[in-house]
Amino acid sequence: MKKATMPDRVNADLMNDEELLERIKKAYNDIKTGNVQNTEIAFSKFNENH
């Protein structure tokens, strides 16, 4: 089985504090503005493809 890996664009181990804070702020803003996916639908689609 292939081991899952984290893409660099969201890998906090490869970010400095400023980059990480910016990602957190963006994620929080996405939540506030409703720019998110329904988890039930997202996981259902994921399970269909994996």
# chains A, B, ... in the order shown; residues from 1 in each chain; ligands from 1

call {"tool": "select_by_dssp", "arguments": {"residues": "chain A", "states": "helix (DSSP H, G or I)", "output": "VMD selection string"}}
result
chain A and resid 8 to 10 12 to 14 17 to 33 39 to 49

call {"tool": "residues_around", "arguments": {"residues": "region 22-38 of chain A", "least_positions_apart": "6", "cutoff": "12 Å", "atoms": "only C-alpha atoms", "output": "list in words"}}
result
Arg9, Val10, Asn11, Ala12, Met15, Asn16, Ser44 and Lys45 of chain A

call {"tool": "write_last_selection", "arguments": {"atoms": "N, CA, C and O atoms", "output": "short mmCIF file (atom, residue, chain, number, x, y, z; two decimals), in the first residue's frame"}}
result
data_model
loop_
_atom_site.label_atom_id
_atom_site.label_comp_id
_atom_site.auth_asym_id
_atom_site.auth_seq_id
_atom_site.Cartn_x
_atom_site.Cartn_y
_atom_site.Cartn_z
N ARG A 9 2.78 22.37 -0.04
CA ARG A 9 2.05 23.63 0.12
C ARG A 9 1.30 23.71 1.46
O ARG A 9 0.90 24.78 1.86
N VAL A 10 1.12 22.58 2.14
CA VAL A 10 0.45 22.61 3.44
C VAL A 10 1.28 21.91 4.51
O VAL A 10 0.79 21.63 5.58
N ASN A 11 2.52 21.64 4.24
CA ASN A 11 3.38 20.94 5.19
C ASN A 11 4.03 21.96 6.13
O ASN A 11 4.99 22.63 5.78
N ALA A 12 3.49 22.06 7.33
CA ALA A 12 3.98 23.05 8.30
C ALA A 12 5.44 22.83 8.67
O ALA A 12 6.12 23.77 9.07
N MET A 15 7.54 25.15 6.59
CA MET A 15 7.20 26.58 6.61
C MET A 15 7.87 27.28 7.77
O MET A 15 8.07 26.70 8.82
N ASN A 16 8.17 28.56 7.55
CA ASN A 16 8.62 29.36 8.68
C ASN A 16 7.37 29.89 9.41
O ASN A 16 6.24 29.68 8.96
N SER A 44 -17.27 11.10 1.14
CA SER A 44 -17.98 10.14 0.30
C SER A 44 -17.31 10.06 -1.07
O SER A 44 -17.06 8.96 -1.59
N LYS A 45 -17.00 11.21 -1.67
CA LYS A 45 -16.31 11.23 -2.97
C LYS A 45 -14.92 10.60 -2.85
O LYS A 45 -14.48 9.88 -3.73
#
